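One structure is given below, encoded as structure tokens.
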Amino acid sequence: METNIDFKKIWNQQNIETPKVNNLYTKANKLKRRSFLKLILVNIILLLSITFIGFIWYYYQPEFVTTKIGIILTILAIIIFLLPFKKQFSLLTKNKTEPNSKEYLQQLIKLKEIQVYQQATTLSIYFIMLSLGIGLYIFEYVSKMTITGGIITYAITILWFAINWYYLRPKVITKKNAKLHKLLVEFEKLNNQMND
Amino acid sequence: MDRIMNFETIYKSYWQKVFRLCMGYLNDTDAAKDLAQETFIKVWTQLPNFRNEASIGTWIFRIASNTCLRQIQKENKISKSELPLDIKDEIQETDIEKDIKFLYQYISELQEVERIIISLELEDINQKEIAEIVGLSEGNVRVKIHRIKEKLIQKFKKNGN
């Protein structure tokens, strides 16, 4: 069915002034700096935490092996927590040639699925390792306290872990995943349009 | 120096085209300008990696289409009610201005992927290249374009343009 409406002609009449290219360079540099700073910040936090824990190890010279295991677990927990930040960064910059839209949508869907998985799993592992680490770490010092003192210390620590695990963790996961799920649904919808 | 010269040539020859594609996708001048800018920032940063595997046009339109499709991620952040009301309505418009307005409006009412395909078609890109940009078969693209044009004609007829 042909018609006398010349869409191409109408389409091409939409013209606005081309913005100055310099604005674009400024914006590009700003974005580059921001993502670079974010990466630096993550690394600084990582480094500071490890230095701090290393300092405790060195300064207090723990005797129990549990303390040492505790310290290692805590460091690992922090690394696990910060790793996805670095990974996401590399996932986004890895693409050398621009994929076609169909592939692109599939990549986006995959990326979101990975993020959903990461958020739930990483956060759980993080909390478990951190709790275990701290629990083991304080054992040496608690063992030097009176029984009542020890019980109180562990009771407070366990209560704190419980709040983290049963309240904070599910709340963070639900909040983050709700946003991701919404995006996933949208991207799936676009992907289905491809197959119509 | 070479990179800057290359980029500025690309920028001059493609900005309007990319803008129109974004405009067809969103039907919002400011948002379309932002998307066009985002597209060219990506073109600028990725230009050193461009190895002529595809034609430069295909490559740029791929980036532009993908930037449009990823747009939803941002829509979640900005509430639509924040967008300014269109005050242009009060100004007397010529027929061609009306046609432009309706065409872009009708296109933005289509499904997202359809918007991209028809925008590329109206930009006079051949169907083989469109197929390479969106990742569909040429036959599929042809069928889709035919269907979309019919939809647009119906919309124009329905509104008595």
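Following the order of the structure tokens, first chain is A, next is B, and so on, with residues numbered from 1 inside each chain and ligands from 1 in the order they appear.
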
Inset, instruction - Fewer than 6 positions away in the same chain doesn't count, so skip those; otherwise give me all residues within 12 Å of Ser119 of chain B, counting only C-alpha atoms, as an NGL selection string. - result: (:A and (7-8 or 10-12)) or (:B and (17-27 or 61 or 64-65 or 68 or 103-104 or 106-108 or 110 or 112-113 or 125-127 or 130 or 134 or 145 or 148-149))

Inset, instruction - Starting from chain B, keep only residues with some atom at most 6 Å from an atom of chain A, counting only C-alpha atoms, and report them as a list in words. - result: Ile41, Arg62, Asn66, Ile100, Leu122, Ile133, Val134 and Gly135 of chain B

Legend entry - segment 43-50 of chain A surroundings by only C-alpha atoms, 12 Å radius, close-in-sequence under 4 positions cut, as a VMD selection string: chain A and resid 36 to 39 54 to 57 71 to 83 85 to 86

Inset, instruction - Please identify all polymer residues within 12 Å of Trp165 of chain A, counting only C-alpha atoms, omitting same-chain residues fewer than 2 positions from it, and present them as a list of chain:residue names. - result: A:Leu123, A:Ser124, A:Ile125, A:Tyr126, A:Phe127, A:Ile128, A:Met129, A:Leu130, A:Ser131, A:Ile158, A:Leu159, A:Trp160, A:Phe161, A:Ala162, A:Ile163, A:Tyr167, A:Leu168, A:Arg169, A:Pro170, A:Lys171, A:Val172, A:Ile173

Inset, instruction - Just give me the gap between atom CA of Ser13 of chain B and atom CA of Gly57 of chain B in Å, one decimal is fine. - result: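 Separating atom CA of Ser13 of chain B from atom CA of Gly57 of chain B is a distance of 10.0 Å.
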
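Here atom CA of Asp34 of chain B is placed at a distance of 24.6 Å from atom CA of Glu188 of chain A.
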
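Minimum atom-to-atom distances from A:Lys144, A:Lys176, A:Lys68, A:His181 to Ile53 of chain A were compared using only C-alpha atoms, and the lowest value belongs to A:Lys68.
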
Legend entry - Computed interatomic separation between atom CA of Pro62 of chain A and atom CA of Gly150 of chain A (Å):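 Separation of atom CA of Pro62 of chain A and atom CA of Gly150 of chain A: 17.8 Å.
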